[in-house]
$ cat data.pdb   # PDB, C-alpha atoms, pLDDT in the B column
MODEL        1
ATOM      1  CA  MET A 108       3.176  12.324 -16.743  1.00 60.00           C
ATOM      2  CA  GLN A 109       5.343  12.994 -13.690  1.00 77.00           C
ATOM      3  CA  PHE A 110       2.417  13.632 -11.333  1.00 82.00           C
ATOM      4  CA  LYS A 111       0.618  11.119  -9.123  1.00 81.00           C
ATOM      5  CA  LEU A 112      -2.458  11.019  -6.908  1.00 83.00           C
ATOM      6  CA  GLY A 113      -2.031  13.081  -3.752  1.00 82.00           C
ATOM      7  CA  ASP A 114       0.542  15.528  -5.173  1.00 86.00           C
ATOM      8  CA  PHE A 115       0.078  19.185  -4.202  1.00 88.00           C
ATOM      9  CA  VAL A 116       0.180  21.390  -7.305  1.00 89.00           C
ATOM     10  CA  ARG A 117      -0.282  25.005  -8.386  1.00 90.00           C
ATOM     11  CA  PHE A 118      -1.916  26.225 -11.609  1.00 90.00           C
ATOM     12  CA  VAL A 119       0.500  27.992 -13.934  1.00 90.00           C
ATOM     13  CA  ASP A 120      -1.951  30.611 -15.249  1.00 87.00           C
ATOM     14  CA  GLU A 121      -4.290  31.001 -12.255  1.00 86.00           C
ATOM     15  CA  ASN A 122      -4.003  31.565  -8.512  1.00 87.00           C
ATOM     16  CA  ILE A 123      -5.258  28.065  -7.649  1.00 87.00           C
ATOM     17  CA  GLU A 124      -3.627  25.315  -5.614  1.00 88.00           C
ATOM     18  CA  GLY A 125      -4.850  21.877  -4.713  1.00 88.00           C
ATOM     19  CA  TYR A 126      -4.264  18.158  -4.530  1.00 87.00           C
ATOM     20  CA  ILE A 127      -4.410  15.775  -7.465  1.00 87.00           C
ATOM     21  CA  THR A 128      -7.433  13.554  -6.848  1.00 86.00           C
ATOM     22  CA  ARG A 129      -7.888  11.962 -10.267  1.00 84.00           C
ATOM     23  CA  ILE A 130      -5.759  10.897 -13.233  1.00 85.00           C
ATOM     24  CA  ILE A 131      -8.253  11.382 -16.073  1.00 85.00           C
ATOM     25  CA  ASP A 132      -5.979  10.331 -18.956  1.00 85.00           C
ATOM     26  CA  LYS A 133      -2.331  10.582 -19.932  1.00 83.00           C
ATOM     27  CA  ASP A 134      -2.630  14.359 -20.447  1.00 88.00           C
ATOM     28  CA  THR A 135      -5.353  15.452 -18.001  1.00 90.00           C
ATOM     29  CA  ILE A 136      -5.699  15.395 -14.211  1.00 88.00           C
ATOM     30  CA  GLY A 137      -8.325  16.421 -11.674  1.00 88.00           C
ATOM     31  CA  VAL A 138      -7.209  18.894  -8.992  1.00 89.00           C
ATOM     32  CA  THR A 139      -9.360  19.465  -5.896  1.00 87.00           C
ATOM     33  CA  ASP A 140      -8.997  22.958  -4.455  1.00 83.00           C
ATOM     34  CA  SER A 141      -9.585  24.269  -0.922  1.00 79.00           C
ATOM     35  CA  ASN A 142     -13.341  24.432  -1.616  1.00 79.00           C
ATOM     36  CA  ASP A 143     -13.454  20.667  -2.363  1.00 79.00           C
ATOM     37  CA  PHE A 144     -14.182  21.395  -6.028  1.00 83.00           C
ATOM     38  CA  GLU A 145     -12.427  19.091  -8.504  1.00 86.00           C
ATOM     39  CA  ILE A 146     -11.088  20.948 -11.548  1.00 88.00           C
ATOM     40  CA  PRO A 147     -10.043  19.077 -14.730  1.00 90.00           C
ATOM     41  CA  VAL A 148      -6.807  20.557 -16.081  1.00 90.00           C
ATOM     42  CA  GLN A 149      -4.047  19.628 -18.507  1.00 90.00           C
ATOM     43  CA  ALA A 150      -0.997  18.302 -16.676  1.00 90.00           C
ATOM     44  CA  THR A 151       1.164  20.860 -18.510  1.00 90.00           C
ATOM     45  CA  LYS A 152      -0.828  23.666 -16.858  1.00 90.00           C
ATOM     46  CA  VAL A 153       0.221  22.853 -13.271  1.00 90.00           C
ATOM     47  CA  THR A 154       3.491  22.622 -11.366  1.00 89.00           C
ATOM     48  CA  LEU A 155       4.415  20.617  -8.295  1.00 87.00           C
ATOM     49  CA  VAL A 156       4.593  22.787  -5.182  1.00 85.00           C
ATOM     50  CA  HIS A 157       7.992  22.316  -3.562  1.00 66.00           C
ATOM     51  CA  GLY A 158       8.019  21.892   0.184  1.00 51.00           C
ATOM     52  CA  GLU A 159       5.266  19.271   0.045  1.00 49.00           C
ATOM     53  CA  ILE A 160       7.308  16.126   0.731  1.00 47.00           C
ATOM     54  CA  PRO A 161       5.649  12.995  -0.674  1.00 50.00           C
ATOM     55  CA  ASP A 162       5.371  10.003   1.626  1.00 50.00           C
ATOM     56  CA  ASN A 163       8.413   7.749   1.824  1.00 46.00           C
ATOM     57  CA  ASP A 164      10.692  10.023  -0.216  1.00 44.00           C
ATOM     58  CA  VAL A 165      13.152  10.375   2.653  1.00 41.00           C
ATOM     59  CA  VAL A 166      16.030   7.967   2.161  1.00 40.00           C
ATOM     60  CA  SER A 167      18.370   7.037   4.989  1.00 42.00           C
ATOM     61  CA  ASN A 168      21.936   5.824   4.432  1.00 42.00           C
ATOM     62  CA  ARG A 169      22.345   4.644   7.999  1.00 46.00           C
ATOM     63  CA  PRO A 170      23.290   0.968   8.322  1.00 50.00           C
ATOM     64  CA  ALA A 171      20.574  -1.384   9.473  1.00 54.00           C
ATOM     65  CA  VAL A 172      20.629  -2.103  13.199  1.00 55.00           C
ATOM     66  CA  VAL A 173      21.150  -5.776  13.961  1.00 56.00           C
ATOM     67  CA  VAL A 174      18.406  -6.886  16.355  1.00 60.00           C
ATOM     68  CA  PRO A 175      19.371  -9.523  18.963  1.00 62.00           C
ATOM     69  CA  GLU A 176      17.754 -12.867  18.147  1.00 65.00           C
ATOM     70  CA  ALA A 177      15.810 -12.880  21.421  1.00 71.00           C
ATOM     71  CA  GLN A 178      14.117  -9.607  20.469  1.00 86.00           C
ATOM     72  CA  PHE A 179      13.629 -10.415  16.792  1.00 93.00           C
ATOM     73  CA  ILE A 180      10.034 -10.063  15.547  1.00 94.00           C
ATOM     74  CA  LYS A 181       9.313 -12.489  12.721  1.00 93.00           C
ATOM     75  CA  GLU A 182       5.735 -11.608  11.809  1.00 94.00           C
ATOM     76  CA  GLY A 183       3.556  -8.637  10.976  1.00 95.00           C
ATOM     77  CA  ILE A 184       3.470  -7.928   7.219  1.00 96.00           C
ATOM     78  CA  TYR A 185       0.360  -6.121   5.963  1.00 96.00           C
ATOM     79  CA  LEU A 186      -1.065  -4.452   2.903  1.00 95.00           C
ATOM     80  CA  CYS A 187      -2.777  -1.342   4.253  1.00 95.00           C
ATOM     81  CA  LEU A 188      -5.239   0.988   2.571  1.00 95.00           C
ATOM     82  CA  ILE A 189      -5.822   4.491   3.928  1.00 94.00           C
ATOM     83  CA  THR A 190      -7.634   7.516   2.548  1.00 92.00           C
ATOM     84  CA  ASP A 191      -5.725  10.659   1.693  1.00 88.00           C
ATOM     85  CA  GLN A 192      -5.564  13.216   4.516  1.00 84.00           C
ATOM     86  CA  HIS A 193      -6.648  15.974   2.120  1.00 81.00           C
ATOM     87  CA  SER A 194      -9.164  14.113  -0.051  1.00 82.00           C
ATOM     88  CA  SER A 195     -11.188  11.103   1.087  1.00 83.00           C
ATOM     89  CA  SER A 196     -11.759  10.144  -2.574  1.00 86.00           C
ATOM     90  CA  VAL A 197      -8.104   9.091  -2.945  1.00 89.00           C
ATOM     91  CA  ALA A 198      -6.846   5.792  -1.528  1.00 91.00           C
ATOM     92  CA  HIS A 199      -3.201   5.042  -0.761  1.00 93.00           C
ATOM     93  CA  PHE A 200      -1.812   1.528  -0.405  1.00 95.00           C
ATOM     94  CA  HIS A 201       1.049   1.050   2.042  1.00 96.00           C
ATOM     95  CA  LEU A 202       3.204  -1.960   2.743  1.00 97.00           C
ATOM     96  CA  VAL A 203       3.401  -2.155   6.538  1.00 97.00           C
ATOM     97  CA  ASN A 204       6.367  -4.025   8.024  1.00 96.00           C
ATOM     98  CA  GLU A 205       6.008  -4.605  11.768  1.00 95.00           C
ATOM     99  CA  SER A 206       8.694  -7.302  11.726  1.00 95.00           C
ATOM    100  CA  SER A 207      12.460  -7.066  12.287  1.00 95.00           C
ATOM    101  CA  PHE A 208      13.143  -8.260   8.735  1.00 95.00           C
ATOM    102  CA  GLN A 209      14.042  -5.963   5.879  1.00 95.00           C
ATOM    103  CA  LEU A 210      11.642  -6.535   2.987  1.00 96.00           C
ATOM    104  CA  LEU A 211      12.589  -6.504  -0.676  1.00 96.00           C
ATOM    105  CA  ALA A 212       9.276  -5.728  -2.342  1.00 96.00           C
ATOM    106  CA  SER A 213       8.046  -5.431  -5.921  1.00 97.00           C
ATOM    107  CA  LEU A 214       4.556  -4.458  -7.101  1.00 96.00           C
ATOM    108  CA  THR A 215       3.256  -4.839 -10.645  1.00 97.00           C
ATOM    109  CA  THR A 216      -0.349  -4.079 -11.584  1.00 95.00           C
ATOM    110  CA  GLU A 217      -2.268  -6.106 -14.157  1.00 95.00           C
ATOM    111  CA  LYS A 218      -5.285  -4.766 -16.027  1.00 91.00           C
ATOM    112  CA  GLY A 219      -6.465  -6.781 -18.991  1.00 89.00           C
ATOM    113  CA  ASP A 220      -3.307  -7.634 -20.895  1.00 89.00           C
ATOM    114  CA  HIS A 221      -1.443  -4.578 -19.630  1.00 93.00           C
ATOM    115  CA  TYR A 222       1.207  -4.713 -16.913  1.00 95.00           C
ATOM    116  CA  LYS A 223       2.894  -1.829 -15.123  1.00 92.00           C
ATOM    117  CA  GLY A 224       5.709  -1.884 -12.583  1.00 94.00           C
ATOM    118  CA  GLU A 225       4.496   0.407  -9.808  1.00 92.00           C
ATOM    119  CA  PHE A 226       6.981  -0.031  -6.963  1.00 94.00           C
ATOM    120  CA  ALA A 227      10.292  -1.718  -6.145  1.00 94.00           C
ATOM    121  CA  ALA A 228      12.306  -0.925  -3.029  1.00 94.00           C
ATOM    122  CA  ILE A 229      13.552  -2.057   0.357  1.00 94.00           C
ATOM    123  CA  VAL A 230      11.124  -1.609   3.232  1.00 95.00           C
ATOM    124  CA  PRO A 231      13.149  -1.372   6.479  1.00 95.00           C
ATOM    125  CA  ALA A 232      12.112  -3.128   9.668  1.00 94.00           C
ATOM    126  CA  HIS A 233       9.276  -1.469  11.624  1.00 95.00           C
ATOM    127  CA  SER A 234       8.393   0.947   8.821  1.00 95.00           C
ATOM    128  CA  THR A 235       5.954   1.545   5.974  1.00 95.00           C
ATOM    129  CA  LYS A 236       6.175   2.440   2.284  1.00 95.00           C
ATOM    130  CA  LYS A 237       3.468   3.826   0.032  1.00 94.00           C
ATOM    131  CA  ILE A 238       3.340   1.538  -2.995  1.00 95.00           C
ATOM    132  CA  TYR A 239       0.236   2.586  -4.961  1.00 94.00           C
ATOM    133  CA  SER A 240      -2.594   5.145  -5.114  1.00 92.00           C
ATOM    134  CA  ALA A 241      -6.036   4.994  -6.719  1.00 91.00           C
ATOM    135  CA  GLN A 242      -9.450   6.632  -6.803  1.00 89.00           C
ATOM    136  CA  LEU A 243     -11.519   5.030  -4.036  1.00 88.00           C
ATOM    137  CA  GLY A 244     -14.691   5.305  -6.118  1.00 87.00           C
ATOM    138  CA  ASP A 245     -13.105   3.280  -8.935  1.00 89.00           C
ATOM    139  CA  ILE A 246     -12.635   0.137  -6.823  1.00 90.00           C
ATOM    140  CA  GLN A 247     -14.585  -1.974  -9.347  1.00 90.00           C
ATOM    141  CA  ILE A 248     -11.929  -1.310 -11.993  1.00 90.00           C
ATOM    142  CA  TRP A 249      -8.813  -1.390  -9.827  1.00 93.00           C
ATOM    143  CA  PRO A 250      -6.078  -3.538 -11.375  1.00 94.00           C
ATOM    144  CA  LYS A 251      -4.934  -6.860 -10.000  1.00 95.00           C
ATOM    145  CA  PHE A 252      -1.956  -6.638  -7.640  1.00 96.00           C
ATOM    146  CA  LYS A 253       1.082  -8.825  -8.277  1.00 96.00           C
ATOM    147  CA  LEU A 254       3.002  -8.162  -5.064  1.00 97.00           C
ATOM    148  CA  GLU A 255       6.093 -10.200  -4.243  1.00 97.00           C
ATOM    149  CA  ILE A 256       8.186  -9.863  -1.076  1.00 97.00           C
ATOM    150  CA  LEU A 257      11.523 -11.331   0.010  1.00 97.00           C
ATOM    151  CA  PHE A 258      12.791 -11.353   3.613  1.00 96.00           C
ATOM    152  CA  HIS A 259      16.318 -10.301   4.590  1.00 95.00           C
ATOM    153  CA  THR A 260      18.240  -9.770   7.819  1.00 93.00           C
ATOM    154  CA  PRO A 261      21.919  -9.650   8.828  1.00 91.00           C
ATOM    155  CA  ALA A 262      20.916 -11.319  12.111  1.00 90.00           C
ATOM    156  CA  ASN A 263      21.335 -15.032  12.810  1.00 91.00           C
ATOM    157  CA  VAL A 264      17.691 -15.742  11.935  1.00 92.00           C
ATOM    158  CA  GLU A 265      16.371 -18.074   9.258  1.00 91.00           C
ATOM    159  CA  PRO A 266      14.634 -16.006   6.551  1.00 89.00           C
ATOM    160  CA  LYS A 267      10.987 -16.752   5.841  1.00 92.00           C
ATOM    161  CA  ASP A 268       9.595 -17.999   2.559  1.00 94.00           C
ATOM    162  CA  ALA A 269       8.797 -15.305   0.031  1.00 96.00           C
ATOM    163  CA  ILE A 270       5.296 -13.814   0.013  1.00 96.00           C
ATOM    164  CA  ILE A 271       3.467 -14.047  -3.318  1.00 96.00           C
ATOM    165  CA  TYR A 272       0.269 -11.977  -3.282  1.00 96.00           C
ATOM    166  CA  HIS A 273      -1.528 -11.992  -6.633  1.00 96.00           C
ATOM    167  CA  GLU A 274      -4.991 -10.673  -5.845  1.00 94.00           C
ATOM    168  CA  ARG A 275      -7.577  -8.101  -6.883  1.00 93.00           C
ATOM    169  CA  ILE A 276      -8.893  -5.892  -4.060  1.00 90.00           C
ATOM    170  CA  LYS A 277     -12.698  -6.071  -3.891  1.00 86.00           C
ATOM    171  CA  GLY A 278     -15.357  -4.067  -2.094  1.00 84.00           C
ATOM    172  CA  LYS A 279     -15.844  -6.809   0.493  1.00 84.00           C
ATOM    173  CA  ASP A 280     -12.220  -6.336   1.590  1.00 84.00           C
ATOM    174  CA  LEU A 281     -13.226  -2.854   2.752  1.00 84.00           C
ATOM    175  CA  SER A 282     -16.499  -3.912   4.378  1.00 84.00           C
ATOM    176  CA  VAL A 283     -14.808  -4.485   7.742  1.00 86.00           C
ATOM    177  CA  ALA A 284     -14.101  -1.735  10.269  1.00 89.00           C
ATOM    178  CA  LYS A 285     -10.931   0.302   9.961  1.00 91.00           C
ATOM    179  CA  GLU A 286      -8.118  -0.431  12.396  1.00 92.00           C
ATOM    180  CA  GLU A 287      -5.586   1.857  14.034  1.00 94.00           C
ATOM    181  CA  ILE A 288      -2.213   1.508  12.291  1.00 93.00           C
ATOM    182  CA  ALA A 289       0.462   2.580  14.754  1.00 93.00           C
ATOM    183  CA  LEU A 290       3.252   3.027  12.191  1.00 94.00           C
ATOM    184  CA  LEU A 291       1.061   5.355  10.118  1.00 92.00           C
ATOM    185  CA  LYS A 292      -0.699   7.048  13.056  1.00 92.00           C
ATOM    186  CA  GLN A 293      -3.941   6.669  11.121  1.00 92.00           C
ATOM    187  CA  LYS A 294      -6.868   4.294  10.755  1.00 93.00           C
ATOM    188  CA  GLY A 295      -7.182   2.106   7.683  1.00 94.00           C
ATOM    189  CA  TRP A 296      -8.025  -1.297   6.272  1.00 94.00           C
ATOM    190  CA  LEU A 297      -5.493  -4.077   6.813  1.00 92.00           C
ATOM    191  CA  ILE A 298      -4.871  -7.220   4.784  1.00 93.00           C
ATOM    192  CA  ARG A 299      -2.521  -9.652   6.522  1.00 93.00           C
ATOM    193  CA  LEU A 300       0.066 -10.976   4.079  1.00 95.00           C
ATOM    194  CA  ASP A 301       2.043 -13.331   6.323  1.00 92.00           C
ATOM    195  CA  ALA A 302      -0.786 -15.000   8.237  1.00 75.00           C
ATOM    196  CA  ALA A 303       0.342 -18.345   9.616  1.00 60.00           C
ATOM    197  CA  GLU A 304      -1.477 -21.404   8.329  1.00 51.00           C
ATOM    198  CA  ALA A 305      -3.857 -22.972  10.807  1.00 47.00           C
ATOM    199  CA  LEU A 306      -2.364 -26.027  12.519  1.00 48.00           C
ATOM    200  CA  ILE A 307      -4.405 -29.219  12.335  1.00 51.00           C
ATOM    201  CA  ASP A 308      -4.851 -31.033  15.646  1.00 56.00           C
ATOM    202  CA  ALA A 309      -4.912 -34.712  14.629  1.00 56.00           C
ATOM    203  CA  ASP A 310      -6.667 -35.856  17.826  1.00 61.00           C
ATOM    204  CA  LYS A 311      -9.437 -33.256  17.509  1.00 55.00           C
ATOM    205  CA  LEU A 312      -9.827 -34.074  13.831  1.00 53.00           C
ATOM    206  CA  LYS A 313     -10.211 -37.789  14.647  1.00 55.00           C
ATOM    207  CA  GLU A 314     -12.678 -36.993  17.450  1.00 61.00           C
ATOM    208  CA  SER A 315     -14.855 -34.824  15.224  1.00 55.00           C
ATOM    209  CA  PHE A 316     -14.833 -37.509  12.536  1.00 52.00           C
ATOM    210  CA  PHE A 317     -16.210 -40.173  14.876  1.00 53.00           C
ATOM    211  CA  LYS A 318     -18.805 -37.737  16.290  1.00 56.00           C
ATOM    212  CA  ALA A 319     -19.993 -36.996  12.778  1.00 51.00           C
ATOM    213  CA  ARG A 320     -20.618 -40.696  12.233  1.00 51.00           C
TER     214      ARG A 320
ENDMDL
END
$ encode --input "data.pdb" --output "structure tokens"
Amino acid sequence: MQFKLGDFVRFVDENIEGYITRIIDKDTIGVTDSNDFEIPVQATKVTLVHGEIPDNDVVSNRPAVVVPEAQFIKEGIYLCLITDQHSSSVAHFHLVNESSFQLLASLTTEKGDHYKGEFAAIVPAHSTKKIYSAQLGDIQIWPKFKLEILFHTPANVEPKDAIIYHERIKGKDLSVAKEEIALLKQKGWLIRLDAAEALIDADKLKESFFKAR
């Protein structure tokens, strides 16, 4: 099936258009029309409406701009979840790169003993890429994410260690308030992927130990 959640499609035999809001099985999809009514239909009975440009399908061949070391931003890598602008039942996962590094990212999903490569691409500095979509109501059965990220820059900056994020998103991850995501111009849930480890103050640790006694 060449369709994915969020695609805008038109029925072949009827005057109906809408957004794909559910992948029912390998042959059937759910399309929500302008009246917010979800219609099950065979994938062969709809066509993709041209002119609707999917997120992140614009590719630039311009060379990466080398950022001076003094202005280089080394942190700010997030996994972001936002709801679809046309259907709040569809969730889109974006990799948000607020740093000056280029990211080489790969996402594989794991469900039971089944694995599927979902995304592999370069995420330029100060940009986002949509890497996965799912039904928001199916959060209990979302697959486990195996997300791996490498850092790259032509600048004279030491690259950071790779990020290995092998986690399953749970309901509690979405129990916090949404935050404004400047690069997406939209509110969503953020999971920090490059959070620095807390530094241990030896003196304070020693002091607390003696107080405890």
$ residues_near_point --input "data.pdb" --point "(-10.3, 14.9, -5.3)" --cutoff "12 Å" --atoms "all atoms listed in the file" --output "mmCIF file with C-alpha atoms, in the frame of the given file"
data_model
loop_
_atom_site.group_PDB
_atom_site.id
_atom_site.type_symbol
_atom_site.label_atom_id
_atom_site.label_comp_id
_atom_site.auth_asym_id
_atom_site.auth_seq_id
_atom_site.Cartn_x
_atom_site.Cartn_y
_atom_site.Cartn_z
ATOM 1 C CA LEU A 112 -2.458 11.019 -6.908
ATOM 2 C CA GLY A 113 -2.031 13.081 -3.752
ATOM 3 C CA ASP A 114 0.542 15.528 -5.173
ATOM 4 C CA PHE A 115 0.078 19.185 -4.202
ATOM 5 C CA GLY A 125 -4.850 21.877 -4.713
ATOM 6 C CA TYR A 126 -4.264 18.158 -4.530
ATOM 7 C CA ILE A 127 -4.410 15.775 -7.465
ATOM 8 C CA THR A 128 -7.433 13.554 -6.848
ATOM 9 C CA ARG A 129 -7.888 11.962 -10.267
ATOM 10 C CA ILE A 130 -5.759 10.897 -13.233
ATOM 11 C CA ILE A 131 -8.253 11.382 -16.073
ATOM 12 C CA ILE A 136 -5.699 15.395 -14.211
ATOM 13 C CA GLY A 137 -8.325 16.421 -11.674
ATOM 14 C CA VAL A 138 -7.209 18.894 -8.992
ATOM 15 C CA THR A 139 -9.360 19.465 -5.896
ATOM 16 C CA ASP A 140 -8.997 22.958 -4.455
ATOM 17 C CA SER A 141 -9.585 24.269 -0.922
ATOM 18 C CA ASN A 142 -13.341 24.432 -1.616
ATOM 19 C CA ASP A 143 -13.454 20.667 -2.363
ATOM 20 C CA PHE A 144 -14.182 21.395 -6.028
ATOM 21 C CA GLU A 145 -12.427 19.091 -8.504
ATOM 22 C CA ILE A 146 -11.088 20.948 -11.548
ATOM 23 C CA PRO A 147 -10.043 19.077 -14.730
ATOM 24 C CA THR A 190 -7.634 7.516 2.548
ATOM 25 C CA ASP A 191 -5.725 10.659 1.693
ATOM 26 C CA GLN A 192 -5.564 13.216 4.516
ATOM 27 C CA HIS A 193 -6.648 15.974 2.120
ATOM 28 C CA SER A 194 -9.164 14.113 -0.051
ATOM 29 C CA SER A 195 -11.188 11.103 1.087
ATOM 30 C CA SER A 196 -11.759 10.144 -2.574
ATOM 31 C CA VAL A 197 -8.104 9.091 -2.945
ATOM 32 C CA ALA A 198 -6.846 5.792 -1.528
ATOM 33 C CA ALA A 241 -6.036 4.994 -6.719
ATOM 34 C CA GLN A 242 -9.450 6.632 -6.803
ATOM 35 C CA LEU A 243 -11.519 5.030 -4.036
ATOM 36 C CA GLY A 244 -14.691 5.305 -6.118
#
$ residues_around --input "data.pdb" --residues "Lys253 in chain A" --least-positions-apart "4" --cutoff "8 Å" --atoms "only C-alpha atoms" --output "list in words"
Leu214, Thr215, Thr216, Glu217, Ile271, Tyr272, His273 and Glu274 of chain A
$ resolve_selection --input "data.pdb" --expression "the PyMOL selection byres ((chain A and resi 270) around 8)" --output "PyMOL selection string"
chain A and resi 254-257+268-269+271-272+300-301
$ write_last_selection --input "data.pdb" --atoms "C-alpha atoms" --output "CSV table (one decimal), in the frame of the given file"
chain,number,residue,atom,x,y,z
A,254,LEU,CA,3.0,-8.2,-5.1
A,255,GLU,CA,6.1,-10.2,-4.2
A,256,ILE,CA,8.2,-9.9,-1.1
A,257,LEU,CA,11.5,-11.3,0.0
A,268,ASP,CA,9.6,-18.0,2.6
A,269,ALA,CA,8.8,-15.3,0.0
A,271,ILE,CA,3.5,-14.0,-3.3
A,272,TYR,CA,0.3,-12.0,-3.3
A,300,LEU,CA,0.1,-11.0,4.1
A,301,ASP,CA,2.0,-13.3,6.3
$ atom_distance --input "data.pdb" --atom1 "CA of Ala262 in chain A" --atom2 "CA of Glu287 in chain A"
29.7 Å
$ atom_distance --input "data.pdb" --atom1 "CA of Leu211 in chain A" --atom2 "CA of Ile229 in chain A"
4.7 Å
$ resolve_selection --input "data.pdb" --expression "the PyMOL selection byres ((chain A and resi 155) around 9)" --output "list in words"
Phe110, Asp114, Phe115, Val116, Arg117, Val153, Thr154, Val156, His157 and Glu159 of chain A
$ write_last_selection --input "data.pdb" --atoms "C-alpha atoms" --output "PDB file, in the coordinates of the input"
ATOM      1  CA  PHE A 110       2.417  13.632 -11.333  1.00 82.00           C
ATOM      2  CA  ASP A 114       0.542  15.528  -5.173  1.00 86.00           C
ATOM      3  CA  PHE A 115       0.078  19.185  -4.202  1.00 88.00           C
ATOM      4  CA  VAL A 116       0.180  21.390  -7.305  1.00 89.00           C
ATOM      5  CA  ARG A 117      -0.282  25.005  -8.386  1.00 90.00           C
ATOM      6  CA  VAL A 153       0.221  22.853 -13.271  1.00 90.00           C
ATOM      7  CA  THR A 154       3.491  22.622 -11.366  1.00 89.00           C
ATOM      8  CA  VAL A 156       4.593  22.787  -5.182  1.00 85.00           C
ATOM      9  CA  HIS A 157       7.992  22.316  -3.562  1.00 66.00           C
ATOM     10  CA  GLU A 159       5.266  19.271   0.045  1.00 49.00           C
TER      11      GLU A 159
END
$ residues_around --input "data.pdb" --residues "Gln149 in chain A" --least-positions-apart "2" --cutoff "7 Å" --atoms "all atoms listed in the file" --output "PDB file with C-alpha atoms, in the frame of the given file"
ATOM      1  CA  ASP A 134      -2.630  14.359 -20.447  1.00 88.00           C
ATOM      2  CA  THR A 135      -5.353  15.452 -18.001  1.00 90.00           C
ATOM      3  CA  ILE A 136      -5.699  15.395 -14.211  1.00 88.00           C
ATOM      4  CA  THR A 151       1.164  20.860 -18.510  1.00 90.00           C
ATOM      5  CA  LYS A 152      -0.828  23.666 -16.858  1.00 90.00           C
TER       6      LYS A 152
END
$ residues_around --input "data.pdb" --residues "Ala228 in chain A" --least-positions-apart "5" --cutoff "10 Å" --atoms "only C-alpha atoms" --output "MDAnalysis selection string"
chainID A and resid 210:214 236 238
$ atom_distance --input "data.pdb" --atom1 "CA of Pro266 in chain A" --atom2 "CA of Phe208 in chain A"
8.2 Å
$ closest_residue --input "data.pdb" --among "A:His201, A:Lys181, A:Lys279, A:Lys111" --to "Gly295 in chain A" --atoms "all atoms listed in the file"
A:His201
$ resolve_selection --input "data.pdb" --expression "the PyMOL selection byres ((chain A and resi 264) around 12)" --output "PDB file with C-alpha atoms, in the coordinates of the input"
ATOM      1  CA  VAL A 173      21.150  -5.776  13.961  1.00 56.00           C
ATOM      2  CA  VAL A 174      18.406  -6.886  16.355  1.00 60.00           C
ATOM      3  CA  PRO A 175      19.371  -9.523  18.963  1.00 62.00           C
ATOM      4  CA  GLU A 176      17.754 -12.867  18.147  1.00 65.00           C
ATOM      5  CA  ALA A 177      15.810 -12.880  21.421  1.00 71.00           C
ATOM      6  CA  GLN A 178      14.117  -9.607  20.469  1.00 86.00           C
ATOM      7  CA  PHE A 179      13.629 -10.415  16.792  1.00 93.00           C
ATOM      8  CA  ILE A 180      10.034 -10.063  15.547  1.00 94.00           C
ATOM      9  CA  LYS A 181       9.313 -12.489  12.721  1.00 93.00           C
ATOM     10  CA  SER A 207      12.460  -7.066  12.287  1.00 95.00           C
ATOM     11  CA  PHE A 208      13.143  -8.260   8.735  1.00 95.00           C
ATOM     12  CA  PHE A 258      12.791 -11.353   3.613  1.00 96.00           C
ATOM     13  CA  HIS A 259      16.318 -10.301   4.590  1.00 95.00           C
ATOM     14  CA  THR A 260      18.240  -9.770   7.819  1.00 93.00           C
ATOM     15  CA  PRO A 261      21.919  -9.650   8.828  1.00 91.00           C
ATOM     16  CA  ALA A 262      20.916 -11.319  12.111  1.00 90.00           C
ATOM     17  CA  ASN A 263      21.335 -15.032  12.810  1.00 91.00           C
ATOM     18  CA  GLU A 265      16.371 -18.074   9.258  1.00 91.00           C
ATOM     19  CA  PRO A 266      14.634 -16.006   6.551  1.00 89.00           C
ATOM     20  CA  LYS A 267      10.987 -16.752   5.841  1.00 92.00           C
TER      21      LYS A 267
END
$ closest_residue --input "data.pdb" --among "A:Ala232, A:Ala227, A:Ile248, A:Cys187" --to "Ile298 in chain A" --atoms "all atoms listed in the file"
A:Cys187
$ axis_aligned_box --input "data.pdb" --around "range 211-230 of chain A" --padding-each-side "4 Å" --output "lines of an AutoDock Vina configuration file"
center_x = 3.5
center_y = -3.6
center_z = -8.8
size_x = 28.0
size_y = 16.0
size_z = 32.1
$ closest_residue --input "data.pdb" --among "A:Ala284, A:Leu290, A:Val203, A:Ile276" --to "Val230 in chain A" --atoms "all atoms listed in the file"
A:Val203
$ closest_residue --input "data.pdb" --among "A:Tyr222, A:Ile123, A:Lys292, A:Val148" --to "Phe252 in chain A" --atoms "only C-alpha atoms"
A:Tyr222
$ build_atoms --input "data.pdb" --residues "range 292-298 of chain A" --atoms "N, CA and C atoms" --output "PDB file, in the coordinates of the input"
ATOM      1  N   LYS A 292       0.059   6.120  12.206  1.00 92.00           N
ATOM      2  CA  LYS A 292      -0.699   7.048  13.056  1.00 92.00           C
ATOM      3  C   LYS A 292      -2.015   7.435  12.399  1.00 92.00           C
ATOM      4  N   GLN A 293      -2.703   6.434  11.849  1.00 92.00           N
ATOM      5  CA  GLN A 293      -3.941   6.669  11.121  1.00 92.00           C
ATOM      6  C   GLN A 293      -4.731   5.368  11.055  1.00 92.00           C
ATOM      7  N   LYS A 294      -6.047   5.490  10.909  1.00 93.00           N
ATOM      8  CA  LYS A 294      -6.868   4.294  10.755  1.00 93.00           C
ATOM      9  C   LYS A 294      -6.958   3.902   9.278  1.00 93.00           C
ATOM     10  N   GLY A 295      -7.069   2.589   9.048  1.00 94.00           N
ATOM     11  CA  GLY A 295      -7.182   2.106   7.683  1.00 94.00           C
ATOM     12  C   GLY A 295      -7.587   0.656   7.652  1.00 94.00           C
ATOM     13  N   TRP A 296      -7.685   0.101   6.455  1.00 94.00           N
ATOM     14  CA  TRP A 296      -8.025  -1.297   6.272  1.00 94.00           C
ATOM     15  C   TRP A 296      -6.743  -2.108   6.141  1.00 94.00           C
ATOM     16  N   LEU A 297      -6.686  -3.241   6.813  1.00 92.00           N
ATOM     17  CA  LEU A 297      -5.493  -4.077   6.813  1.00 92.00           C
ATOM     18  C   LEU A 297      -5.770  -5.433   6.180  1.00 92.00           C
ATOM     19  N   ILE A 298      -4.841  -5.871   5.339  1.00 93.00           N
ATOM     20  CA  ILE A 298      -4.871  -7.220   4.784  1.00 93.00           C
ATOM     21  C   ILE A 298      -3.576  -7.900   5.222  1.00 93.00           C
TER      22      ILE A 298
END
